[in-house]
$ cat my_file.cif   # mmCIF, C-alpha atoms and all ligand atoms
data_work
loop_
_atom_site.label_atom_id
_atom_site.label_comp_id
_atom_site.auth_asym_id
_atom_site.auth_seq_id
_atom_site.Cartn_x
_atom_site.Cartn_y
_atom_site.Cartn_z
CA MET G 231 23.53 52.64 249.03
CA ALA G 232 20.79 54.07 246.85
CA ARG G 233 17.97 55.68 248.77
CA ARG G 234 14.68 53.98 248.07
CA ARG G 235 11.84 55.95 246.61
CA ARG G 236 9.04 57.06 248.88
CA ILE G 237 5.77 56.66 247.01
CA TYR G 238 3.30 57.93 249.56
CA GLU G 239 3.11 58.98 253.18
CA GLY G 240 -0.22 58.55 254.94
CA LYS G 241 -1.31 59.11 258.51
CA ALA G 242 -0.18 55.73 259.88
CA LYS G 243 1.99 54.26 257.12
CA VAL G 244 4.67 55.11 254.58
CA LEU G 245 4.84 53.30 251.24
CA TYR G 246 8.16 52.76 249.46
CA GLU G 247 8.99 51.29 246.10
CA GLY G 248 9.60 47.56 246.66
CA PRO G 249 12.71 45.56 245.73
CA GLU G 250 10.96 43.80 242.82
CA PRO G 251 8.71 45.34 240.16
CA GLY G 252 5.08 45.32 241.22
CA THR G 253 5.87 45.31 244.93
CA ILE G 254 5.65 47.95 247.63
CA VAL G 255 7.08 48.17 251.13
CA GLN G 256 4.52 49.19 253.78
CA TYR G 257 6.19 50.85 256.78
CA PHE G 258 3.97 51.07 259.89
CA LYS G 259 4.43 54.26 261.93
CA ASP G 260 3.54 54.88 265.58
CA ASP G 261 1.63 58.00 264.49
CA ALA G 262 -2.10 58.01 265.03
CA SER G 263 -4.78 60.33 263.77
CA ALA G 264 -8.52 60.59 264.17
CA PHE G 265 -11.43 62.70 262.98
CA ASN G 266 -9.88 63.26 259.56
CA ALA G 267 -6.52 64.19 261.13
CA GLN G 268 -7.96 66.91 263.39
CA LYS G 269 -6.53 64.89 266.29
CA THR G 270 -3.02 63.49 266.03
CA GLY G 271 -0.64 61.73 268.39
CA VAL G 272 1.77 58.87 268.86
CA ILE G 273 0.94 55.40 270.15
CA SER G 274 4.32 54.01 271.15
CA GLY G 275 5.00 50.59 269.63
CA LYS G 276 1.82 50.65 267.52
CA GLY G 277 3.68 50.29 264.21
CA VAL G 278 5.44 47.12 265.31
CA LEU G 279 2.22 45.58 266.62
CA ASN G 280 0.12 46.59 263.62
CA ASN G 281 2.72 45.15 261.25
CA ARG G 282 2.35 41.81 263.06
CA ILE G 283 -1.41 41.90 263.52
CA SER G 284 -2.12 42.77 259.88
CA GLU G 285 0.29 40.05 258.73
CA TYR G 286 -1.37 37.50 260.99
CA VAL G 287 -4.93 38.31 259.93
CA MET G 288 -4.10 38.50 256.21
CA LEU G 289 -2.25 35.17 256.33
CA ARG G 290 -5.22 33.50 258.06
CA LEU G 291 -7.58 35.03 255.47
CA ASN G 292 -5.33 33.78 252.69
CA GLU G 293 -5.67 30.28 254.11
CA ILE G 294 -9.43 30.39 253.52
CA GLY G 295 -8.98 31.66 249.97
CA ILE G 296 -9.31 35.42 250.37
CA PRO G 297 -6.79 37.04 248.00
CA THR G 298 -4.72 39.69 249.81
CA HIS G 299 -1.87 42.00 248.88
CA PHE G 300 0.37 40.59 251.65
CA VAL G 301 3.61 38.97 250.41
CA ARG G 302 5.88 38.72 253.47
CA ARG G 303 7.07 40.58 256.53
CA LEU G 304 10.47 42.22 256.04
CA ASN G 305 11.30 43.43 259.54
CA MET G 306 9.63 44.77 262.67
CA ARG G 307 7.91 47.67 260.99
CA GLU G 308 7.80 46.70 257.32
CA GLN G 309 6.02 44.24 255.10
CA LEU G 310 6.23 43.57 251.37
CA VAL G 311 2.91 43.78 249.52
CA HIS G 312 1.71 43.60 245.93
CA GLU G 313 1.38 46.98 244.26
CA VAL G 314 -2.30 47.49 243.49
CA GLU G 315 -4.49 50.25 242.13
CA ILE G 316 -6.46 51.21 245.22
CA ILE G 317 -10.22 51.43 244.69
CA PRO G 318 -11.13 54.78 246.31
CA LEU G 319 -13.63 53.30 248.76
CA GLU G 320 -13.58 52.39 252.43
CA VAL G 321 -15.70 49.30 252.88
CA VAL G 322 -17.03 49.16 256.45
CA VAL G 323 -18.67 46.04 257.87
CA ARG G 324 -20.66 46.38 261.08
CA ASN G 325 -21.99 43.76 263.47
CA VAL G 326 -22.79 46.01 266.42
CA ALA G 327 -23.80 49.68 266.34
CA ALA G 328 -20.97 52.09 267.21
CA GLY G 329 -19.22 55.26 266.04
CA THR G 330 -20.72 57.16 263.15
CA MET G 331 -23.56 54.68 262.65
CA SER G 332 -24.74 55.21 266.22
CA GLN G 333 -24.51 58.98 265.76
CA ARG G 334 -26.16 59.05 262.34
CA LEU G 335 -29.07 56.76 263.16
CA GLY G 336 -29.42 57.36 266.89
CA ILE G 337 -28.75 53.73 267.83
CA GLU G 338 -27.09 53.22 271.18
CA GLU G 339 -23.50 51.99 270.97
CA GLY G 340 -23.32 48.28 271.66
CA THR G 341 -26.70 47.41 270.13
CA PRO G 342 -26.30 44.23 268.06
CA LEU G 343 -27.45 44.77 264.46
CA PRO G 344 -30.17 42.52 262.99
CA ARG G 345 -27.62 41.39 260.41
CA SER G 346 -24.14 42.43 259.30
CA ILE G 347 -24.28 45.69 257.38
CA VAL G 348 -21.82 46.77 254.68
CA GLU G 349 -21.31 50.47 253.98
CA PHE G 350 -19.18 52.31 251.43
CA TYR G 351 -17.36 55.58 252.02
CA TYR G 352 -15.70 57.59 249.26
CA LYS G 353 -12.00 58.01 250.12
CA ASN G 354 -11.50 61.75 249.95
CA ASP G 355 -9.89 63.66 252.81
CA ASP G 356 -11.16 67.05 251.58
CA LEU G 357 -14.71 65.73 251.89
CA SER G 358 -14.04 63.73 255.12
CA ASP G 359 -14.78 60.38 253.42
CA PRO G 360 -18.55 60.74 252.85
CA LEU G 361 -20.93 57.77 253.02
CA VAL G 362 -21.97 56.88 249.46
CA THR G 363 -24.34 54.43 247.82
CA GLU G 364 -23.75 51.90 245.06
CA GLU G 365 -25.46 54.37 242.71
CA HIS G 366 -22.80 57.02 243.34
CA ILE G 367 -20.02 54.46 243.05
CA THR G 368 -21.08 53.07 239.68
CA ALA G 369 -22.30 56.39 238.23
CA PHE G 370 -19.00 58.12 238.98
CA GLY G 371 -16.98 55.08 237.91
CA TRP G 372 -15.14 54.51 241.21
CA ALA G 373 -15.92 50.81 240.81
CA THR G 374 -17.95 48.69 238.41
CA PRO G 375 -21.02 46.68 239.48
CA GLN G 376 -18.82 43.56 239.19
CA ASP G 377 -16.15 45.12 241.45
CA LEU G 378 -18.87 45.99 243.95
CA ASP G 379 -20.27 42.45 243.93
CA ASP G 380 -16.76 41.07 244.48
CA MET G 381 -15.97 43.51 247.28
CA MET G 382 -19.29 42.91 249.02
CA ALA G 383 -18.86 39.12 248.88
CA LEU G 384 -15.24 39.32 250.07
CA ALA G 385 -16.14 41.75 252.87
CA LEU G 386 -18.81 39.40 254.22
CA ARG G 387 -16.49 36.39 254.06
CA VAL G 388 -13.79 38.39 255.84
CA ASN G 389 -16.35 39.38 258.46
CA ASP G 390 -17.54 35.82 259.11
CA PHE G 391 -13.99 34.61 259.46
CA MET G 392 -12.78 37.49 261.63
CA VAL G 393 -15.80 37.30 263.94
CA GLY G 394 -14.79 33.70 264.68
CA LEU G 395 -11.08 34.43 264.88
CA PHE G 396 -11.60 37.15 267.48
CA LEU G 397 -14.33 35.30 269.35
CA GLY G 398 -11.76 32.55 269.86
CA VAL G 399 -9.69 35.02 271.90
CA ASP G 400 -12.66 36.52 273.76
CA ILE G 401 -12.99 39.62 271.56
CA ARG G 402 -16.17 40.92 269.93
CA LEU G 403 -15.61 42.27 266.41
CA VAL G 404 -17.89 45.31 266.44
CA ASP G 405 -16.97 46.77 263.06
CA PHE G 406 -14.00 47.27 260.74
CA LYS G 407 -12.86 48.97 257.55
CA LEU G 408 -11.37 47.29 254.49
CA GLU G 409 -9.75 48.64 251.35
CA PHE G 410 -9.42 46.76 248.10
CA GLY G 411 -7.15 47.13 245.10
CA ARG G 412 -7.01 45.98 241.48
CA TRP G 413 -4.11 43.70 240.70
CA TYR G 414 -3.14 42.33 237.30
CA ASP G 415 -1.63 38.85 237.11
CA ASP G 416 1.03 37.69 234.59
CA ASN G 417 -1.68 37.16 231.97
CA ASP G 418 -3.09 40.65 232.58
CA TYR G 419 -6.21 39.29 234.25
CA MET G 420 -7.54 41.70 236.86
CA ARG G 421 -8.22 40.44 240.36
CA ILE G 422 -9.54 42.31 243.35
CA LEU G 423 -7.22 41.93 246.34
CA LEU G 424 -7.72 42.87 249.96
CA ALA G 425 -5.21 45.67 250.57
CA ASP G 426 -4.15 48.24 253.20
CA GLU G 427 -4.23 46.82 256.75
CA ILE G 428 -6.39 45.02 259.29
CA THR G 429 -5.38 46.25 262.76
CA PRO G 430 -6.85 47.82 265.90
CA ASP G 431 -6.54 51.11 263.96
CA SER G 432 -9.17 49.88 261.51
CA CYS G 433 -11.36 47.61 263.69
CA ARG G 434 -13.46 48.04 266.79
CA LEU G 435 -12.57 45.23 269.18
CA TRP G 436 -14.31 44.83 272.54
CA ASP G 437 -13.54 42.37 275.29
CA ILE G 438 -16.33 39.81 275.20
CA LYS G 439 -17.05 39.91 278.94
CA THR G 440 -16.26 43.47 280.04
CA ASN G 441 -16.83 45.33 276.72
CA GLU G 442 -13.49 47.03 277.35
CA LYS G 443 -12.33 48.70 274.13
CA LEU G 444 -9.13 47.23 272.68
CA ASP G 445 -8.77 49.53 269.67
CA LYS G 446 -8.19 53.06 268.40
CA ASP G 447 -11.32 54.39 270.14
CA ARG G 448 -9.11 54.54 273.26
CA PHE G 449 -7.03 57.15 271.41
CA ARG G 450 -9.99 58.88 269.71
CA ARG G 451 -11.81 59.26 273.04
CA ASP G 452 -8.78 59.89 275.31
CA MET G 453 -9.47 56.78 277.35
CA GLY G 454 -5.82 56.03 278.25
CA ASN G 455 -3.98 52.68 278.14
CA VAL G 456 -3.89 52.82 274.35
CA GLU G 457 -0.53 51.04 274.01
CA GLU G 458 -1.68 48.34 276.43
CA ALA G 459 -4.85 47.72 274.41
CA TYR G 460 -2.90 47.10 271.18
CA GLN G 461 -0.50 44.83 273.08
CA GLU G 462 -3.42 42.92 274.55
CA VAL G 463 -4.85 42.19 271.09
CA ALA G 464 -1.45 40.92 269.89
CA ARG G 465 -0.98 38.91 273.09
CA ARG G 466 -4.37 37.21 272.74
CA LEU G 467 -3.63 36.37 269.11
CA GLY G 468 -0.33 34.87 270.31
CA ILE G 469 1.84 37.21 268.24
CA LEU G 470 3.59 39.60 270.62
CA PRO G 471 7.13 40.25 269.27
CA ASP G 472 9.61 37.65 270.52
CA ALA G 473 11.10 39.66 273.38
CA GLY G 474 7.65 40.81 274.57
CA PRO G 475 6.48 44.41 275.04
CA GLN G 476 10.02 45.72 275.60
CA ASP G 477 10.77 44.80 271.97
CA LEU G 478 8.18 47.14 270.48
CA LYS G 479 10.40 49.98 269.33
CA GLY G 480 11.68 48.46 266.11
CA THR G 481 13.97 50.46 263.88
CA LYS G 482 13.12 54.11 263.49
CA SER G 483 15.48 54.64 260.57
CA ILE G 484 13.20 54.21 257.62
CA ASN G 485 15.32 55.37 254.70
N1 LIG A 1 -12.48 53.32 260.12
C1 LIG A 1 -11.19 53.36 259.64
N2 LIG A 1 -10.78 54.48 258.94
C2 LIG A 1 -11.60 55.53 258.69
C3 LIG A 1 -12.93 55.46 259.18
C4 LIG A 1 -13.33 54.35 259.88
O1 LIG A 1 -10.40 52.44 259.83
O2 LIG A 1 -11.18 56.49 258.03
C5 LIG A 1 -12.93 52.12 260.86
C6 LIG A 1 -13.12 52.42 262.33
O3 LIG A 1 -11.96 52.11 263.07
C7 LIG A 1 -14.26 51.52 262.70
C8 LIG A 1 -15.06 51.37 261.41
O4 LIG A 1 -14.20 51.74 260.36
O5 LIG A 1 -13.76 50.23 263.07
C9 LIG A 1 -16.31 52.22 261.38
O6 LIG A 1 -15.96 53.54 261.67
P1 LIG A 1 -17.06 54.70 261.84
O7 LIG A 1 -17.76 54.91 260.55
O8 LIG A 1 -17.87 54.43 263.03
O9 LIG A 1 -16.20 56.02 262.00
P2 LIG A 1 -15.29 56.54 263.20
O10 LIG A 1 -16.14 56.57 264.42
O11 LIG A 1 -14.16 55.57 263.27
O12 LIG A 1 -14.85 57.91 262.72
#
$ encode --input "my_file.cif" --output "structure tokens" --more "lines below"
Ligand code: UDP
Amino acid sequence: MARRRRIYEGKAKVLYEGPEPGTIVQYFKDDASAFNAQKTGVISGKGVLNNRISEYVMLRLNEIGIPTHFVRRLNMREQLVHEVEIIPLEVVVRNVAAGTMSQRLGIEEGTPLPRSIVEFYYKNDDLSDPLVTEEHITAFGWATPQDLDDMMALALRVNDFMVGLFLGVDIRLVDFKLEFGRWYDDNDYMRILLADEITPDSCRLWDIKTNEKLDKDRFRRDMGNVEEAYQEVARRLGILPDAGPQDLKGTKSIN
């Protein structure tokens, strides 16, 4: 059998050429990294759970009219997505102060923000993804003013929806990161799609009553019970793999 072509290997995912033109296979690894890959490790079963969680959230978003790259899940660790031209920005939406915002502005973690705040970071590992303004983005041509308007509007809609989705399972959505891509339809019209992933790797999720962290901060801050936290998010969303936690290995053979 022909070996499929590996397009890109990132910290938590591998991308392969998809079976049809214009598609890509996203393979979710158990590998985790933090602080621009200065800290690395493995969260056992994470890839299987993230594959499910991202599928679930993107499908729900699709139902309210948010265009996403998700096509279908292929197996425990892989999903088929539309091939897009990734816009080199990380779009972060925050509802509660945490992480770099708390550090940068001296706001105690857990402080609710007066309103949801959208930030843009330039995706560049050599520069550790610096915070940038709309001025930088349009001046350097990373996105047009129209792209920015679209991304901002989509990010806020995604936020409103996800706040409610997680509140329904007793989780506070503190903040999260989105990535968008340009996709051309059959008539060569460009559309901005939500791409990448939405998982506990890319969101801060706190238990509504205890404020227990159910996300990658447990790994970043060596808090323990990392696997259990990811499982708990999947369990609350009602999407643990069929056989339960013991079914989290998935296939390791990825070629
Ligand atoms: N985030 C992410 N990838 C990154 C940086 C941030 O998914 O490269 C997510 C992170 O999980 C959090 C949100 O974006 O939910 C805001 O992250 P922050 O700027 O506080 O940085 P961090 O503390 O994660 O380095």
$ closest_residue --input "my_file.cif" --among "G:Pro251, G:Gly240, G:Pro471, G:Gly398" --to "G:Leu279" --atoms "only C-alpha atoms"
G:Pro471
$ atom_distance --input "my_file.cif" --atom1 "atom O7 of ligand LIG 1 (chain A)" --atom2 "atom CA of G:Pro360"
9.7 Å
$ closest_residue --input "my_file.cif" --among "G:Glu285, G:Glu364, G:Glu338, G:Asp445" --to "ligand LIG 1 (chain A)" --atoms "all atoms listed in the file"
G:Asp445
$ closest_atom_pairs --input "my_file.cif" --of "chain G" --to "ligand LIG 1 (chain A)" --cutoff "7 Å" --atoms "all atoms listed in the file" --output "JSON lines"
{"residue": "G:Phe265", "atom": "CA", "partner": "A:LIG1", "partner_atom": "O12", "distance": 5.9}
{"residue": "G:Val322", "atom": "CA", "partner": "A:LIG1", "partner_atom": "O4", "distance": 5.5}
{"residue": "G:Ala328", "atom": "CA", "partner": "A:LIG1", "partner_atom": "O8", "distance": 5.7}
{"residue": "G:Gly329", "atom": "CA", "partner": "A:LIG1", "partner_atom": "O8", "distance": 3.4}
{"residue": "G:Thr330", "atom": "CA", "partner": "A:LIG1", "partner_atom": "O8", "distance": 3.9}
{"residue": "G:Met331", "atom": "CA", "partner": "A:LIG1", "partner_atom": "O8", "distance": 5.7}
{"residue": "G:Asp405", "atom": "CA", "partner": "A:LIG1", "partner_atom": "O5", "distance": 4.7}
{"residue": "G:Phe406", "atom": "CA", "partner": "A:LIG1", "partner_atom": "O5", "distance": 3.8}
{"residue": "G:Lys407", "atom": "CA", "partner": "A:LIG1", "partner_atom": "O4", "distance": 4.2}
{"residue": "G:Asp431", "atom": "CA", "partner": "A:LIG1", "partner_atom": "O3", "distance": 5.6}
{"residue": "G:Ser432", "atom": "CA", "partner": "A:LIG1", "partner_atom": "O1", "distance": 3.3}
{"residue": "G:Cys433", "atom": "CA", "partner": "A:LIG1", "partner_atom": "O5", "distance": 3.6}
{"residue": "G:Arg434", "atom": "CA", "partner": "A:LIG1", "partner_atom": "O5", "distance": 4.3}
{"residue": "G:Lys446", "atom": "CA", "partner": "A:LIG1", "partner_atom": "O3", "distance": 6.6}
$ atom_distance --input "my_file.cif" --atom1 "atom CA of G:Glu409" --atom2 "atom CA of G:His299"
10.6 Å
$ axis_aligned_box --input "my_file.cif" --around "stretch 286-291 of chain G" --padding-each-side "4 Å" --output "lines of an AutoDock Vina configuration file"
center_x = -4.5
center_y = 36.0
center_z = 258.2
size_x = 14.2
size_y = 13.0
size_z = 13.5
$ closest_residue --input "my_file.cif" --among "G:Val255, G:Leu245, G:Ile347, G:Leu304" --to "G:Val321" --atoms "all atoms listed in the file"
G:Ile347
$ residues_around --input "my_file.cif" --residues "G:Asp380" --least-positions-apart "5" --cutoff "10 Å" --atoms "all atoms listed in the file" --output "number ranges by chain"
G: 374-375, 385, 410, 421-423
$ residues_around --input "my_file.cif" --residues "stretch 361-363 of chain G" --least-positions-apart "2" --cutoff "7 Å" --atoms "only C-alpha atoms" --output "ChimeraX atom specification"
/G:350-352,359,365-367
$ atom_distance --input "my_file.cif" --atom1 "atom CA of G:Ala327" --atom2 "atom CA of G:Gly371"
29.7 Å
$ residues_around --input "my_file.cif" --residues "G:Pro297" --least-positions-apart "4" --cutoff "10 Å" --atoms "all atoms listed in the file" --output "list of chain:residue names"
G:Met288, G:Leu289, G:Leu291, G:Asn292, G:Glu293, G:Leu384, G:Arg421, G:Ile422, G:Leu423, G:Leu424, G:Ala425
$ residues_around --input "my_file.cif" --residues "G:Val301" --least-positions-apart "5" --cutoff "7 Å" --atoms "all atoms listed in the file" --output "VMD selection string"
chain G and resid 310 to 312
$ write_last_selection --input "my_file.cif" --atoms "C-alpha atoms" --output "PDB file, keeping the file's coordinate frame"
ATOM      1  CA  LEU G 310       6.230  43.570 251.370  1.00  0.00           C
ATOM      2  CA  VAL G 311       2.910  43.780 249.520  1.00  0.00           C
ATOM      3  CA  HIS G 312       1.710  43.600 245.930  1.00  0.00           C
TER       4      HIS G 312
END
